[in-house]
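Trainee: Quick one, coords14.cif (mmCIF, C-alpha atoms and all ligand atoms):
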data_protein
loop_
_atom_site.group_PDB
_atom_site.id
_atom_site.type_symbol
_atom_site.label_atom_id
_atom_site.label_comp_id
_atom_site.auth_asym_id
_atom_site.auth_seq_id
_atom_site.Cartn_x
_atom_site.Cartn_y
_atom_site.Cartn_z
ATOM 1 C CA MET A 11 78.419 -63.785 -63.445
ATOM 2 C CA GLU A 12 78.680 -65.555 -66.785
ATOM 3 C CA ILE A 13 75.161 -65.964 -68.157
ATOM 4 C CA ARG A 14 75.767 -69.661 -68.821
ATOM 5 C CA ASP A 15 76.639 -70.204 -65.139
ATOM 6 C CA PHE A 16 73.337 -68.871 -63.861
ATOM 7 C CA CYS A 17 71.366 -71.517 -62.059
ATOM 8 C CA SER A 18 67.905 -71.035 -60.611
ATOM 9 C CA LYS A 19 64.478 -72.521 -60.172
ATOM 10 C CA PRO A 20 62.682 -70.668 -62.959
ATOM 11 C CA PHE A 21 59.229 -71.808 -61.843
ATOM 12 C CA ASP A 22 59.810 -70.229 -58.440
ATOM 13 C CA LEU A 23 61.666 -67.137 -59.532
ATOM 14 C CA PHE A 24 58.574 -65.264 -60.673
ATOM 15 C CA ASN A 25 55.561 -66.915 -59.175
ATOM 16 C CA ARG A 26 56.834 -67.429 -55.662
ATOM 17 C CA GLY A 27 59.634 -64.900 -55.385
ATOM 18 C CA TRP A 28 58.120 -62.079 -57.445
ATOM 19 C CA ALA A 29 60.370 -59.731 -59.394
ATOM 20 C CA LEU A 30 60.542 -56.119 -60.489
ATOM 21 C CA VAL A 31 60.483 -55.092 -64.123
ATOM 22 C CA THR A 32 62.072 -51.706 -64.565
ATOM 23 C CA ALA A 33 62.594 -49.583 -67.658
ATOM 24 C CA GLY A 34 63.896 -46.090 -68.250
ATOM 25 C CA ASN A 35 66.935 -44.063 -67.288
ATOM 26 C CA GLU A 36 68.189 -41.610 -64.670
ATOM 27 C CA GLU A 37 65.821 -38.905 -65.927
ATOM 28 C CA SER A 38 62.684 -41.008 -65.896
ATOM 29 C CA PHE A 39 61.974 -44.631 -65.183
ATOM 30 C CA ASN A 40 59.247 -46.801 -63.743
ATOM 31 C CA THR A 41 59.069 -50.168 -62.094
ATOM 32 C CA MET A 42 56.386 -52.701 -61.219
ATOM 33 C CA THR A 43 56.076 -56.086 -59.594
ATOM 34 C CA VAL A 44 55.556 -59.143 -61.753
ATOM 35 C CA SER A 45 54.853 -62.735 -60.880
ATOM 36 C CA TRP A 46 54.424 -63.923 -64.428
ATOM 37 C CA GLY A 47 57.522 -64.454 -66.470
ATOM 38 C CA SER A 48 59.658 -67.048 -68.139
ATOM 39 C CA MET A 49 63.306 -67.775 -68.806
ATOM 40 C CA GLY A 50 64.825 -69.846 -71.563
ATOM 41 C CA THR A 51 66.289 -69.792 -75.016
ATOM 42 C CA LEU A 52 64.995 -68.202 -78.200
ATOM 43 C CA TRP A 53 66.716 -67.623 -81.507
ATOM 44 C CA ASN A 54 69.783 -69.103 -79.810
ATOM 45 C CA LYS A 55 69.853 -66.378 -77.177
ATOM 46 C CA PRO A 56 69.254 -66.539 -73.416
ATOM 47 C CA ILE A 57 65.967 -64.759 -72.853
ATOM 48 C CA ILE A 58 63.501 -63.567 -70.231
ATOM 49 C CA THR A 59 59.886 -62.917 -71.142
ATOM 50 C CA VAL A 60 57.563 -60.744 -69.075
ATOM 51 C CA TYR A 61 53.831 -60.198 -69.557
ATOM 52 C CA VAL A 62 52.679 -56.663 -68.851
ATOM 53 C CA LYS A 63 49.182 -55.288 -69.256
ATOM 54 C CA PRO A 64 49.034 -52.184 -71.481
ATOM 55 C CA ILE A 65 47.234 -50.292 -68.712
ATOM 56 C CA ARG A 66 50.397 -50.372 -66.542
ATOM 57 C CA TYR A 67 52.456 -47.181 -66.582
ATOM 58 C CA THR A 68 55.570 -49.365 -66.855
ATOM 59 C CA SER A 69 54.384 -50.641 -70.250
ATOM 60 C CA GLU A 70 54.934 -47.157 -71.682
ATOM 61 C CA PHE A 71 58.594 -47.312 -70.635
ATOM 62 C CA LEU A 72 58.972 -50.888 -71.855
ATOM 63 C CA LYS A 73 57.638 -49.879 -75.264
ATOM 64 C CA ARG A 74 59.911 -46.857 -75.476
ATOM 65 C CA GLU A 75 63.194 -48.263 -74.187
ATOM 66 C CA GLU A 76 65.719 -50.572 -75.799
ATOM 67 C CA PHE A 77 66.587 -52.252 -72.491
ATOM 68 C CA PHE A 78 64.749 -53.322 -69.361
ATOM 69 C CA THR A 79 65.806 -55.083 -66.188
ATOM 70 C CA VAL A 80 64.247 -57.913 -64.223
ATOM 71 C CA SER A 81 65.407 -58.033 -60.619
ATOM 72 C CA THR A 82 64.790 -60.428 -57.737
ATOM 73 C CA TYR A 83 64.656 -59.753 -53.987
ATOM 74 C CA GLY A 84 64.751 -61.449 -50.621
ATOM 75 C CA ASN A 85 61.829 -61.661 -48.220
ATOM 76 C CA GLU A 86 62.908 -58.466 -46.477
ATOM 77 C CA CYS A 87 61.771 -56.559 -49.585
ATOM 78 C CA LYS A 88 58.376 -58.258 -49.928
ATOM 79 C CA LYS A 89 56.530 -55.212 -48.536
ATOM 80 C CA ALA A 90 58.277 -52.931 -51.014
ATOM 81 C CA LEU A 91 57.385 -55.256 -53.895
ATOM 82 C CA ALA A 92 53.768 -55.442 -52.708
ATOM 83 C CA LEU A 93 53.603 -51.635 -52.777
ATOM 84 C CA LEU A 94 55.239 -51.402 -56.212
ATOM 85 C CA GLY A 95 52.688 -53.926 -57.454
ATOM 86 C CA ASP A 96 49.760 -52.034 -55.979
ATOM 87 C CA LYS A 97 50.395 -48.356 -56.666
ATOM 88 C CA SER A 98 51.034 -46.801 -60.063
ATOM 89 C CA GLY A 99 53.960 -44.556 -60.892
ATOM 90 C CA ARG A 100 51.427 -42.521 -62.822
ATOM 91 C CA ASP A 101 49.829 -41.333 -59.571
ATOM 92 C CA CYS A 102 52.669 -41.059 -57.054
ATOM 93 C CA ASP A 103 56.370 -41.427 -56.381
ATOM 94 C CA LYS A 104 55.983 -45.066 -55.412
ATOM 95 C CA VAL A 105 59.697 -45.804 -55.658
ATOM 96 C CA SER A 106 60.450 -43.331 -52.833
ATOM 97 C CA GLU A 107 57.543 -44.765 -50.837
ATOM 98 C CA SER A 108 58.895 -48.292 -51.280
ATOM 99 C CA GLY A 109 62.238 -47.368 -49.685
ATOM 100 C CA LEU A 110 64.211 -49.102 -52.442
ATOM 101 C CA THR A 111 67.314 -47.340 -53.752
ATOM 102 C CA PRO A 112 67.545 -46.899 -57.544
ATOM 103 C CA LEU A 113 70.783 -47.989 -59.119
ATOM 104 C CA PHE A 114 71.466 -46.597 -62.570
ATOM 105 C CA LEU A 115 73.264 -48.941 -64.924
ATOM 106 C CA GLU A 116 74.775 -48.347 -68.323
ATOM 107 C CA ASN A 117 71.696 -50.035 -69.789
ATOM 108 C CA GLY A 118 68.721 -49.653 -67.513
ATOM 109 C CA VAL A 119 67.827 -49.181 -63.887
ATOM 110 C CA THR A 120 67.688 -51.603 -60.964
ATOM 111 C CA PHE A 121 67.782 -51.288 -57.168
ATOM 112 C CA GLU A 122 70.618 -51.666 -54.682
ATOM 113 C CA GLU A 123 68.555 -54.130 -52.663
ATOM 114 C CA ALA A 124 68.243 -56.596 -55.564
ATOM 115 C CA GLN A 125 69.705 -60.056 -55.076
ATOM 116 C CA CYS A 126 70.020 -60.538 -58.784
ATOM 117 C CA THR A 127 69.456 -58.283 -61.783
ATOM 118 C CA PHE A 128 69.039 -59.449 -65.357
ATOM 119 C CA VAL A 129 69.772 -56.737 -67.896
ATOM 120 C CA CYS A 130 67.609 -57.468 -70.935
ATOM 121 C CA LYS A 131 67.783 -56.072 -74.446
ATOM 122 C CA LYS A 132 64.275 -55.982 -75.840
ATOM 123 C CA ILE A 133 64.093 -58.171 -78.937
ATOM 124 C CA TYR A 134 60.324 -58.649 -79.320
ATOM 125 C CA ALA A 135 57.155 -56.995 -78.049
ATOM 126 C CA ALA A 136 53.576 -57.760 -79.032
ATOM 127 C CA PRO A 137 50.230 -58.168 -77.292
ATOM 128 C CA PHE A 138 48.534 -61.540 -77.042
ATOM 129 C CA ILE A 139 46.051 -61.996 -79.875
ATOM 130 C CA ALA A 140 42.644 -62.054 -78.179
ATOM 131 C CA GLU A 141 41.180 -64.762 -80.438
ATOM 132 C CA LEU A 142 44.098 -67.085 -79.738
ATOM 133 C CA VAL A 143 44.016 -66.794 -75.945
ATOM 134 C CA PRO A 144 42.520 -69.971 -74.432
ATOM 135 C CA GLU A 145 39.010 -69.611 -73.087
ATOM 136 C CA PHE A 146 39.932 -70.225 -69.427
ATOM 137 C CA ALA A 147 42.480 -67.415 -69.544
ATOM 138 C CA HIS A 148 40.195 -65.092 -71.412
ATOM 139 C CA GLU A 149 37.429 -65.463 -68.832
ATOM 140 C CA LYS A 150 39.780 -65.137 -65.911
ATOM 141 C CA TYR A 151 41.999 -62.288 -67.009
ATOM 142 C CA TYR A 152 40.630 -60.379 -69.964
ATOM 143 C CA THR A 153 36.939 -59.695 -69.548
ATOM 144 C CA ASP A 154 37.570 -56.138 -68.290
ATOM 145 C CA GLU A 155 41.135 -55.397 -69.411
ATOM 146 C CA GLU A 156 43.164 -55.707 -72.576
ATOM 147 C CA GLU A 157 45.493 -58.641 -73.152
ATOM 148 C CA HIS A 158 49.033 -58.584 -71.767
ATOM 149 C CA ILE A 159 51.878 -57.389 -73.944
ATOM 150 C CA VAL A 160 54.627 -59.977 -74.263
ATOM 151 C CA PHE A 161 58.073 -58.436 -73.886
ATOM 152 C CA ILE A 162 60.984 -60.701 -74.713
ATOM 153 C CA GLY A 163 64.461 -59.568 -73.724
ATOM 154 C CA GLU A 164 67.836 -61.053 -74.509
ATOM 155 C CA VAL A 165 69.723 -61.368 -71.231
ATOM 156 C CA THR A 166 72.918 -59.414 -71.819
ATOM 157 C CA GLU A 167 74.181 -59.261 -68.244
ATOM 158 C CA ILE A 168 73.479 -60.824 -64.858
ATOM 159 C CA ILE A 169 74.433 -58.789 -61.796
ATOM 160 C CA GLY A 170 74.571 -60.664 -58.500
ATOM 161 C CA GLY A 171 73.257 -64.161 -58.166
ATOM 162 C CA GLU A 172 70.443 -66.101 -56.624
ATOM 163 C CA LYS A 173 70.905 -66.784 -52.927
ATOM 164 C CA LYS A 174 70.692 -70.513 -52.328
HETATM 165 C C1 LIG X 1 52.600 -60.066 -56.768
HETATM 166 C C2 LIG X 1 52.182 -59.247 -57.949
HETATM 167 C C3 LIG X 1 52.422 -59.721 -59.228
HETATM 168 C C4 LIG X 1 52.041 -58.993 -60.368
HETATM 169 N N1 LIG X 1 52.324 -59.494 -61.614
HETATM 170 C C5 LIG X 1 51.978 -58.773 -62.713
HETATM 171 C C6 LIG X 1 52.320 -59.261 -64.015
HETATM 172 O O1 LIG X 1 52.985 -60.294 -64.202
HETATM 173 N N2 LIG X 1 51.913 -58.512 -65.090
HETATM 174 C C7 LIG X 1 51.203 -57.350 -64.956
HETATM 175 O O2 LIG X 1 50.856 -56.712 -65.962
HETATM 176 N N3 LIG X 1 50.885 -56.865 -63.712
HETATM 177 C C8 LIG X 1 51.277 -57.536 -62.600
HETATM 178 N N4 LIG X 1 51.013 -57.046 -61.355
HETATM 179 C C9 LIG X 1 50.323 -55.746 -61.230
HETATM 180 C C10 LIG X 1 51.261 -54.530 -61.333
HETATM 181 O O3 LIG X 1 52.459 -54.735 -60.629
HETATM 182 C C11 LIG X 1 50.528 -53.301 -60.761
HETATM 183 O O4 LIG X 1 49.371 -53.048 -61.516
HETATM 184 C C12 LIG X 1 51.401 -52.059 -60.652
HETATM 185 O O5 LIG X 1 50.781 -51.172 -59.758
HETATM 186 C C13 LIG X 1 51.637 -51.362 -61.986
HETATM 187 O O6 LIG X 1 52.394 -50.218 -61.732
HETATM 188 P P1 LIG X 1 52.634 -49.064 -62.797
HETATM 189 O O7 LIG X 1 51.274 -48.529 -63.214
HETATM 190 O O8 LIG X 1 53.454 -48.043 -62.058
HETATM 191 O O9 LIG X 1 53.359 -49.681 -63.946
HETATM 192 C C14 LIG X 1 51.383 -57.754 -60.204
HETATM 193 C C15 LIG X 1 51.142 -57.252 -58.904
HETATM 194 C C16 LIG X 1 51.546 -57.995 -57.796
HETATM 195 C C17 LIG X 1 51.301 -57.440 -56.410
#
Mind turning the file's structure into structure tokens?
Ligand SMILES: Cc1cc2nc3c(=O)[nH]c(=O)nc-3n(C[C@H](O)[C@H](O)[C@H](O)COP(=O)(O)O)c2cc1C
Mentor:
Amino acid sequence: MEIRDFCSKPFDLFNRGWALVTAGNEESFNTMTVSWGSMGTLWNKPIITVYVKPIRYTSEFLKREEFFTVSTYGNECKKALALLGDKSGRDCDKVSESGLTPLFLENGVTFEEAQCTFVCKKIYAAPFIAELVPEFAHEKYYTDEEEHIVFIGEVTEIIGGEKK
């Protein structure tokens, strides 16, 4: 699909639908569920931003790799996404446990079951600055754990499309 033709409800895509963020290659990759994310335009490029805590194993792959994917799924995969958002790839082979089938792309990794995959070229990565995070967010999310890292990716390819 042409990137400019993509049409979705961005407020639902992450928070209601959940998504997987995946980084790595055929030799080693990791994936995790996200419900925070944004889509839009930056520096005149179509972009997706994801917010990943540094404690996540996936953040190591996101830091290392030039590309990552963001993929969306139907309700039939909700259990798999719940598992991938609960267990860590550091401790187990959670991808096998989830039953999803990895699909290796020229730039990145997604899953055959995905409805839609956004291939993203990382163009910016930096953690939130603790002092600048609003108080409500600080109290709610960062009393025990470090601030999220913001990963911004230029969408270079969209595979599949949102089911209406
Ligand atoms: C519905 C859902 C949404 C989540 N959204 C995020 C998110 O946006 N950012 C984040 O850092 N963690 C998020 N998580 C937590 C990670 O997915 C979870 O810690 C995961 O086990 C990390 O796996 P990893 O250690 O293999 O990277 C979410 C979990 C669930 C179940």
Trainee: With all atoms listed in the file as the atoms that count, which of A:Leu142, A:Ala135, A:Ala124, A:Ile58 lies nearest to Glu86 in chain A?
Mentor: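 Result for the nearest residue to Glu86 in chain A: A:Ala124.
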Trainee: Determine, for each residue of chain A having at least one atom at most 10 Å from an atom of ligand LIG 1 (chain X), the closest pair of atoms and their separation in Å to one decimal, counting only C-alpha atoms and all ligand atoms; order by chain and ascending number, as a Markdown table.
Mentor:
| residue | atom | partner | partner_atom | distance |
| --- | --- | --- | --- | --- |
| A:Phe24 | CA | X:LIG1 | O1 | 8.3 |
| A:Asn25 | CA | X:LIG1 | C1 | 7.8 |
| A:Arg26 | CA | X:LIG1 | C1 | 8.6 |
| A:Gly27 | CA | X:LIG1 | C1 | 8.6 |
| A:Trp28 | CA | X:LIG1 | C1 | 5.9 |
| A:Ala29 | CA | X:LIG1 | C3 | 7.9 |
| A:Leu30 | CA | X:LIG1 | O3 | 8.2 |
| A:Val31 | CA | X:LIG1 | O3 | 8.8 |
| A:Thr32 | CA | X:LIG1 | O9 | 9.0 |
| A:Ala33 | CA | X:LIG1 | O9 | 10.0 |
| A:Phe39 | CA | X:LIG1 | O8 | 9.7 |
| A:Asn40 | CA | X:LIG1 | O8 | 6.2 |
| A:Thr41 | CA | X:LIG1 | O8 | 6.0 |
| A:Met42 | CA | X:LIG1 | O3 | 4.5 |
| A:Thr43 | CA | X:LIG1 | O3 | 4.0 |
| A:Val44 | CA | X:LIG1 | N1 | 3.3 |
| A:Ser45 | CA | X:LIG1 | N1 | 4.2 |
| A:Trp46 | CA | X:LIG1 | O1 | 3.9 |
| A:Gly47 | CA | X:LIG1 | O1 | 6.6 |
| A:Val60 | CA | X:LIG1 | O1 | 6.7 |
| A:Tyr61 | CA | X:LIG1 | N2 | 5.1 |
| A:Val62 | CA | X:LIG1 | O2 | 3.4 |
| A:Lys63 | CA | X:LIG1 | O2 | 4.0 |
| A:Pro64 | CA | X:LIG1 | O2 | 7.4 |
| A:Ile65 | CA | X:LIG1 | O7 | 7.0 |
| A:Arg66 | CA | X:LIG1 | O7 | 3.9 |
| A:Tyr67 | CA | X:LIG1 | O9 | 3.7 |
| A:Thr68 | CA | X:LIG1 | O9 | 3.7 |
| A:Ser69 | CA | X:LIG1 | O9 | 6.5 |
| A:Glu70 | CA | X:LIG1 | O9 | 8.3 |
| A:Phe71 | CA | X:LIG1 | O9 | 8.8 |
| A:Leu72 | CA | X:LIG1 | O9 | 9.8 |
| A:Lys88 | CA | X:LIG1 | C1 | 9.1 |
| A:Lys89 | CA | X:LIG1 | C17 | 9.7 |
| A:Ala90 | CA | X:LIG1 | C17 | 9.9 |
| A:Leu91 | CA | X:LIG1 | C17 | 6.9 |
| A:Ala92 | CA | X:LIG1 | C17 | 4.9 |
| A:Leu93 | CA | X:LIG1 | C17 | 7.2 |
| A:Leu94 | CA | X:LIG1 | O5 | 5.7 |
| A:Gly95 | CA | X:LIG1 | O3 | 3.3 |
| A:Asp96 | CA | X:LIG1 | O5 | 4.0 |
| A:Lys97 | CA | X:LIG1 | O5 | 4.2 |
| A:Ser98 | CA | X:LIG1 | O8 | 3.4 |
| A:Gly99 | CA | X:LIG1 | O8 | 3.7 |
| A:Arg100 | CA | X:LIG1 | O8 | 5.9 |
| A:Asp101 | CA | X:LIG1 | O8 | 8.0 |
| A:Cys102 | CA | X:LIG1 | O8 | 8.6 |
| A:Asp103 | CA | X:LIG1 | O8 | 9.2 |
| A:Lys104 | CA | X:LIG1 | O8 | 7.7 |
| A:Val105 | CA | X:LIG1 | O8 | 9.2 |
| A:Glu157 | CA | X:LIG1 | O2 | 9.2 |
| A:His158 | CA | X:LIG1 | O2 | 6.4 |
| A:Ile159 | CA | X:LIG1 | O2 | 8.1 |
| A:Val160 | CA | X:LIG1 | N2 | 9.7 |
Trainee: By how many Å are CA of Lys132 in chain A and CA of Ser106 in chain A apart?
Mentor: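 Rounded to one decimal, the two atoms are 26.5 Å apart.
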Trainee: Taking the file above as input, evaluate the PyMOL selection byres (((chain A and resi 165) around 12) and not hetatm) and report the hits as a ChimeraX atom specification.
Mentor: /A:11-14,16,48-52,54-59,77-81,117,127-133,162-164,166-169
Trainee: Store the residues picked out above, limited to C-alpha atoms, as a PDB file, in the frame of the given file.
Mentor:
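selection_33.pdb written:
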ATOM      1  CA  MET A  11      78.419 -63.785 -63.445  1.00  0.00           C
ATOM      2  CA  GLU A  12      78.680 -65.555 -66.785  1.00  0.00           C
ATOM      3  CA  ILE A  13      75.161 -65.964 -68.157  1.00  0.00           C
ATOM      4  CA  ARG A  14      75.767 -69.661 -68.821  1.00  0.00           C
ATOM      5  CA  PHE A  16      73.337 -68.871 -63.861  1.00  0.00           C
ATOM      6  CA  SER A  48      59.658 -67.048 -68.139  1.00  0.00           C
ATOM      7  CA  MET A  49      63.306 -67.775 -68.806  1.00  0.00           C
ATOM      8  CA  GLY A  50      64.825 -69.846 -71.563  1.00  0.00           C
ATOM      9  CA  THR A  51      66.289 -69.792 -75.016  1.00  0.00           C
ATOM     10  CA  LEU A  52      64.995 -68.202 -78.200  1.00  0.00           C
ATOM     11  CA  ASN A  54      69.783 -69.103 -79.810  1.00  0.00           C
ATOM     12  CA  LYS A  55      69.853 -66.378 -77.177  1.00  0.00           C
ATOM     13  CA  PRO A  56      69.254 -66.539 -73.416  1.00  0.00           C
ATOM     14  CA  ILE A  57      65.967 -64.759 -72.853  1.00  0.00           C
ATOM     15  CA  ILE A  58      63.501 -63.567 -70.231  1.00  0.00           C
ATOM     16  CA  THR A  59      59.886 -62.917 -71.142  1.00  0.00           C
ATOM     17  CA  PHE A  77      66.587 -52.252 -72.491  1.00  0.00           C
ATOM     18  CA  PHE A  78      64.749 -53.322 -69.361  1.00  0.00           C
ATOM     19  CA  THR A  79      65.806 -55.083 -66.188  1.00  0.00           C
ATOM     20  CA  VAL A  80      64.247 -57.913 -64.223  1.00  0.00           C
ATOM     21  CA  SER A  81      65.407 -58.033 -60.619  1.00  0.00           C
ATOM     22  CA  ASN A 117      71.696 -50.035 -69.789  1.00  0.00           C
ATOM     23  CA  THR A 127      69.456 -58.283 -61.783  1.00  0.00           C
ATOM     24  CA  PHE A 128      69.039 -59.449 -65.357  1.00  0.00           C
ATOM     25  CA  VAL A 129      69.772 -56.737 -67.896  1.00  0.00           C
ATOM     26  CA  CYS A 130      67.609 -57.468 -70.935  1.00  0.00           C
ATOM     27  CA  LYS A 131      67.783 -56.072 -74.446  1.00  0.00           C
ATOM     28  CA  LYS A 132      64.275 -55.982 -75.840  1.00  0.00           C
ATOM     29  CA  ILE A 133      64.093 -58.171 -78.937  1.00  0.00           C
ATOM     30  CA  ILE A 162      60.984 -60.701 -74.713  1.00  0.00           C
ATOM     31  CA  GLY A 163      64.461 -59.568 -73.724  1.00  0.00           C
ATOM     32  CA  GLU A 164      67.836 -61.053 -74.509  1.00  0.00           C
ATOM     33  CA  THR A 166      72.918 -59.414 -71.819  1.00  0.00           C
ATOM     34  CA  GLU A 167      74.181 -59.261 -68.244  1.00  0.00           C
ATOM     35  CA  ILE A 168      73.479 -60.824 -64.858  1.00  0.00           C
ATOM     36  CA  ILE A 169      74.433 -58.789 -61.796  1.00  0.00           C
TER      37      ILE A 169
END
Trainee: What is the CA of Glu155 in chain A to CA of Val119 in chain A distance in Å?
Mentor: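 Separation of CA of Glu155 in chain A and CA of Val119 in chain A: 28.0 Å.
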Trainee: Considering only C-alpha atoms, return as a list in words whatever protein or nucleic-acid residues lie within 12 Å of Tyr152 in chain A, sequence-local ones (same chain, fewer than 2 positions apart) excluded.
Mentor: Lys63, Pro64, Phe138, Ile139, Ala140, Glu141, Val143, Pro144, Glu145, Phe146, Ala147, His148, Glu149, Lys150, Asp154, Glu155, Glu156, Glu157 and His158 of chain A
